[in-house]
Structures are given as C-alpha cells and as structure tokens.
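K.L.:
Quick one: structure below, then a few questions.
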Amino acid sequence: QVQLVESGGGAVQAGGSLRLSCVASGLTSDLPSISWFRQAPGEEREGVACIDGTDVPEYYIDSIKGRFTLSRANAKNTVYLQLDTLKPEDTAVYHCAGSKWQCSVYGLDYTHMDYWGKGTLITVSS
C-alpha cells in the first residue's frame with residue numbers, strides 16, 4: 001500500500017506563487033510515476049503533469065506550460081509542483097496520484113491511477 005499526502009495549497013492573488021508537495025509513504029517502490037490532477041468546481045478532473053524515473057516531467061495543459069514546474073526529491077519520496085504566475089482559472093482542488101505505470105502510459109488518465117491523495121485547494125483571486 002502507498003499513501004500520498006498533499007500540502008501547500010491556499011489562497012493567493014493573481015500573479016502569485018505556491019508550491020505543492022506530495023509525500024509518498026509505504027511501498028513507494030510500487031510507484032514508478034506521480035501525476036498531478038486538478039478539478040475546478042463543476043468541471044472534469046484534468047491531468048496537469050507527471051514525472052517518473054526518467055525525471056523528465058510531462059505537462060499536459062498548454063496554459064500551465066512555462067508557469068508550473070514539476071520536480072521530485074527521491075530521497076524524500078516527495079514530488080513538488082511549483083506554480084508561478086497563478087491565474088484565477090487555476091483555481092481548483094489539486095490531487096497527486098500514483099501509478100504503477102510510466103507517465104507515457106497513463107500519466108494523463110485519472111481512471112488508471114492506483115493511489116490518490118485527498119487533494120489540496122488552491123484559490124486564485126483576481
């Protein structure tokens with residue numbers, strides 16, 4: 001079993017920054033990749049980014065490219081999502097999720113994640 005815990009969400013004004021953390025515990029060797037998803041009120045859950053053993057992040061939403069940065073600290077079993085130049089449309093609950101597959105297989109597909117964190121809310125005001 002793997003447990004994922006997110007932190008770092010909060011309320012921020014447009015143009016601000018936040019850093020989300022996702023800490024994995026348990027059988028982390030069972031978890032080749034970690035993805036971030038977000039879900040805005042009334043919207044579908046969407047894949048944001050994914051990172052696996054290649055340490056080359058994949059970003060799935062054009063509007064976040066150049067503003068969000070995904071990284072990992074293997075020794076800490078932690079994945080970070082740095083969010084800069086935040087916009088009101090980034091308001092959502094952000095979840096990290098773990099998959100037994102590489103990002104190239106299911107990184108974008110929330111229906112194929114094996115483990116989920118409870119999420120952390122980001123609210124961006126204009």
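Every chain in the structure tokens takes a letter, A first, then B, and so on in the order presented; its residues are numbered from 1, and the ligands are numbered from 1 following the presented order.
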Would you list the contacts of A:Gln1 as a PDB file with C-alpha atoms, in the first residue's frame, taking every protein, DNA or RNA residue within 12 Å and counting only C-alpha atoms, but skipping same-chain residues closer than 5 positions in sequence?
P.N.:
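Saved file selection33.pdb follows:
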```
ATOM      1  CA  ALA A  24       4.587   9.247  -0.637  1.00  0.00           C
ATOM      2  CA  SER A  25       4.920   6.637   2.072  1.00  0.00           C
ATOM      3  CA  GLY A  26       4.559   2.879   2.178  1.00  0.00           C
ATOM      4  CA  LEU A  27       5.557   0.704  -0.764  1.00  0.00           C
ATOM      5  CA  THR A  28       6.886   3.593  -2.825  1.00  0.00           C
ATOM      6  CA  SER A  29       8.877   1.198  -4.989  1.00  0.00           C
ATOM      7  CA  ASP A  30       5.463   0.204  -6.334  1.00  0.00           C
ATOM      8  CA  LEU A  31       5.016   3.664  -7.743  1.00  0.00           C
ATOM      9  CA  GLY A  98       0.462   7.446  -8.232  1.00  0.00           C
ATOM     10  CA  LYS A 100       2.303   1.585 -11.403  1.00  0.00           C
ATOM     11  CA  ASP A 114      -3.593   3.364  -8.465  1.00  0.00           C
ATOM     12  CA  TYR A 115      -3.307   5.701  -5.488  1.00  0.00           C
ATOM     13  CA  TRP A 116      -4.696   9.139  -4.688  1.00  0.00           C
TER      14      TRP A 116
END
```
K.L.:
Using the chain letters and numbers from this document, which residues of chain A does DSSP assign to strand (DSSP E), as an MDAnalysis selection string?
P.N.:
chainID A and resid 2:7 10:13 18:26 33:39 46:51 58:59 68:73 78:83 92:99 115:116 120:125
K.L.:
Which is closer to A:Ala73 than all the others in A:Gln39, A:Ser21, A:Gly47, A:Lys118, using only C-alpha atoms?
P.N.:
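Nearest candidate to A:Ala73 out of A:Gln39, A:Ser21, A:Gly47, A:Lys118: A:Ser21.
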K.L.:
Within 12 Å of A:Thr78, counting only C-alpha atoms, which residues qualify if same-chain residues fewer than 4 places away don't, as a PyMOL selection string?
P.N.:
chain A and resi 3-7+20-25+28+31+33-35+51-52+70-74+96+98
K.L.:
Those same residues - N, CA and C atoms - I'd like them written as a CSV table (one decimal), in the first residue's frame.
P.N.:
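Wrote it out as part_21.csv, contents follow:
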```csv
chain,number,residue,atom,x,y,z
A,3,GLN,N,0.6,5.6,0.5
A,3,GLN,CA,-0.2,6.7,1.0
A,3,GLN,C,0.4,8.0,0.4
A,4,LEU,N,-0.4,8.8,-0.1
A,4,LEU,CA,0.0,10.1,-0.7
A,4,LEU,C,-0.7,11.3,0.0
A,5,VAL,N,0.1,12.2,0.4
A,5,VAL,CA,-0.4,13.4,1.2
A,5,VAL,C,0.1,14.6,0.5
A,6,GLU,N,-0.9,15.5,0.1
A,6,GLU,CA,-0.5,16.8,-0.5
A,6,GLU,C,-0.5,17.9,0.6
A,7,SER,N,0.2,18.9,0.3
A,7,SER,CA,0.2,20.1,1.1
A,7,SER,C,0.6,21.3,0.2
A,20,LEU,N,3.3,23.2,-4.2
A,20,LEU,CA,2.6,22.0,-3.7
A,20,LEU,C,3.6,20.9,-3.5
A,21,SER,N,3.3,20.1,-2.4
A,21,SER,CA,4.2,18.9,-2.2
A,21,SER,C,3.3,17.7,-2.1
A,22,CYS,N,3.8,16.6,-2.6
A,22,CYS,CA,3.1,15.3,-2.5
A,22,CYS,C,4.1,14.3,-1.9
A,23,VAL,N,3.9,13.9,-0.7
A,23,VAL,CA,4.8,13.0,0.0
A,23,VAL,C,4.2,11.6,-0.1
A,24,ALA,N,5.0,10.6,-0.5
A,24,ALA,CA,4.6,9.2,-0.6
A,24,ALA,C,5.2,8.4,0.5
A,25,SER,N,4.4,7.5,1.0
A,25,SER,CA,4.9,6.6,2.1
A,25,SER,C,4.4,5.2,1.8
A,28,THR,N,6.7,2.6,-1.8
A,28,THR,CA,6.9,3.6,-2.8
A,28,THR,C,7.6,3.0,-4.0
A,31,LEU,N,5.6,2.4,-7.2
A,31,LEU,CA,5.0,3.7,-7.7
A,31,LEU,C,6.0,4.3,-8.7
A,33,SER,N,5.5,6.3,-11.2
A,33,SER,CA,5.2,7.7,-11.6
A,33,SER,C,4.2,8.4,-10.6
A,34,ILE,N,4.3,9.7,-10.6
A,34,ILE,CA,3.4,10.5,-9.8
A,34,ILE,C,2.8,11.6,-10.8
A,35,SER,N,1.5,11.7,-10.8
A,35,SER,CA,0.9,12.7,-11.6
A,35,SER,C,0.1,13.7,-10.7
A,51,ILE,N,5.6,12.9,-13.5
A,51,ILE,CA,7.0,12.6,-13.5
A,51,ILE,C,7.3,11.2,-13.1
A,52,ASP,N,8.3,10.6,-13.8
A,52,ASP,CA,8.6,9.2,-13.4
A,52,ASP,C,10.1,9.0,-13.3
A,70,LEU,N,7.4,20.9,-12.3
A,70,LEU,CA,7.3,19.6,-11.6
A,70,LEU,C,8.7,19.1,-11.3
A,71,SER,N,8.9,18.7,-10.1
A,71,SER,CA,10.2,18.1,-9.7
A,71,SER,C,10.0,17.1,-8.6
A,72,ARG,N,11.1,16.3,-8.4
A,72,ARG,CA,11.0,15.3,-7.3
A,72,ARG,C,12.3,15.3,-6.5
A,73,ALA,N,12.1,14.9,-5.3
A,73,ALA,CA,13.3,14.7,-4.4
A,73,ALA,C,13.2,13.2,-3.9
A,74,ASN,N,13.9,12.3,-4.6
A,74,ASN,CA,13.7,10.9,-4.4
A,74,ASN,C,14.0,10.5,-3.0
A,96,CYS,N,-2.5,14.8,-6.1
A,96,CYS,CA,-1.4,13.9,-6.6
A,96,CYS,C,-1.9,12.5,-6.7
A,98,GLY,N,-0.6,8.3,-7.9
A,98,GLY,CA,0.5,7.4,-8.2
A,98,GLY,C,0.0,6.3,-9.1
```
K.L.:
Which residue out of A:Ala14, A:Val48, A:Ile61, A:Val105 has the minimum interatomic distance to A:Leu86 when only C-alpha atoms are used?
P.N.:
A:Ala14
K.L.:
Go through A:Thr91, A:Ser126, A:Asn77, A:Thr85 one by one, measure the shortest atom-to-atom distance of each to A:Gly16 using only C-alpha atoms, and give the residue with the smallest value.
P.N.:
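Between A:Thr91, A:Ser126, A:Asn77, A:Thr85, the residue approaching A:Gly16 most closely is A:Thr85.
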K.L.:
Could you work out how far atom CA of A:Thr69 lies from atom CA of A:Pro88, giving the answer in Å with one decimal?
P.N.:
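For atom CA of A:Pro88 relative to atom CA of A:Thr69, the distance reads 18.1 Å.
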K.L.:
I'd like to know which of A:Asp55, A:Cys50, A:Leu18, A:Gly42 is closest to A:Asp109, using only C-alpha atoms.
P.N.:
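So, comparing all the options, the nearest one is A:Cys50.
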K.L.:
Tell me which of A:Glu58, A:Gly15, A:Ile64, A:Val93 sits closest to A:Tyr106, counting only C-alpha atoms.
P.N.:
A:Glu58
K.L.:
Once DSSP has gone over the backbone, tell me which residues of stretch 12-125 of chain A are in alpha helix (DSSP H), as a PyMOL selection string.
P.N.:
chain A and resi 103-106
K.L.:
Given the selection you just returned, output its residues as a file containing N, CA, C and O atoms, formatted as a PDB file, in the first residue's frame.
P.N.:
```pdb
ATOM      1  N   CYS A 103       4.784   7.503 -17.023  1.00  0.00           N
ATOM      2  CA  CYS A 103       3.940   8.623 -17.453  1.00  0.00           C
ATOM      3  C   CYS A 103       3.440   8.448 -18.885  1.00  0.00           C
ATOM      4  O   CYS A 103       2.312   8.830 -19.206  1.00  0.00           O
ATOM      5  N   SER A 104       4.284   7.908 -19.728  1.00  0.00           N
ATOM      6  CA  SER A 104       3.914   7.801 -21.133  1.00  0.00           C
ATOM      7  C   SER A 104       2.738   6.862 -21.352  1.00  0.00           C
ATOM      8  O   SER A 104       2.092   6.906 -22.397  1.00  0.00           O
ATOM      9  N   VAL A 105       2.430   6.032 -20.346  1.00  0.00           N
ATOM     10  CA  VAL A 105       1.338   5.074 -20.482  1.00  0.00           C
ATOM     11  C   VAL A 105       0.021   5.668 -19.981  1.00  0.00           C
ATOM     12  O   VAL A 105      -0.955   5.765 -20.726  1.00  0.00           O
ATOM     13  N   TYR A 106       0.006   6.101 -18.712  1.00  0.00           N
ATOM     14  CA  TYR A 106      -1.256   6.579 -18.130  1.00  0.00           C
ATOM     15  C   TYR A 106      -1.127   7.914 -17.399  1.00  0.00           C
ATOM     16  O   TYR A 106      -1.983   8.259 -16.601  1.00  0.00           O
TER      17      TYR A 106
END
```
K.L.:
Which one is closest to A:Arg38: A:Thr120, A:Thr54, A:Ser125, A:Ser63? Count only C-alpha atoms.
P.N.:
A:Thr120
K.L.:
Could you tell me how far atom CA of A:Thr111 lies from atom CA of A:Tyr94, in Å and to one decimal?
P.N.:
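Here the two named atoms are 15.7 Å from each other.
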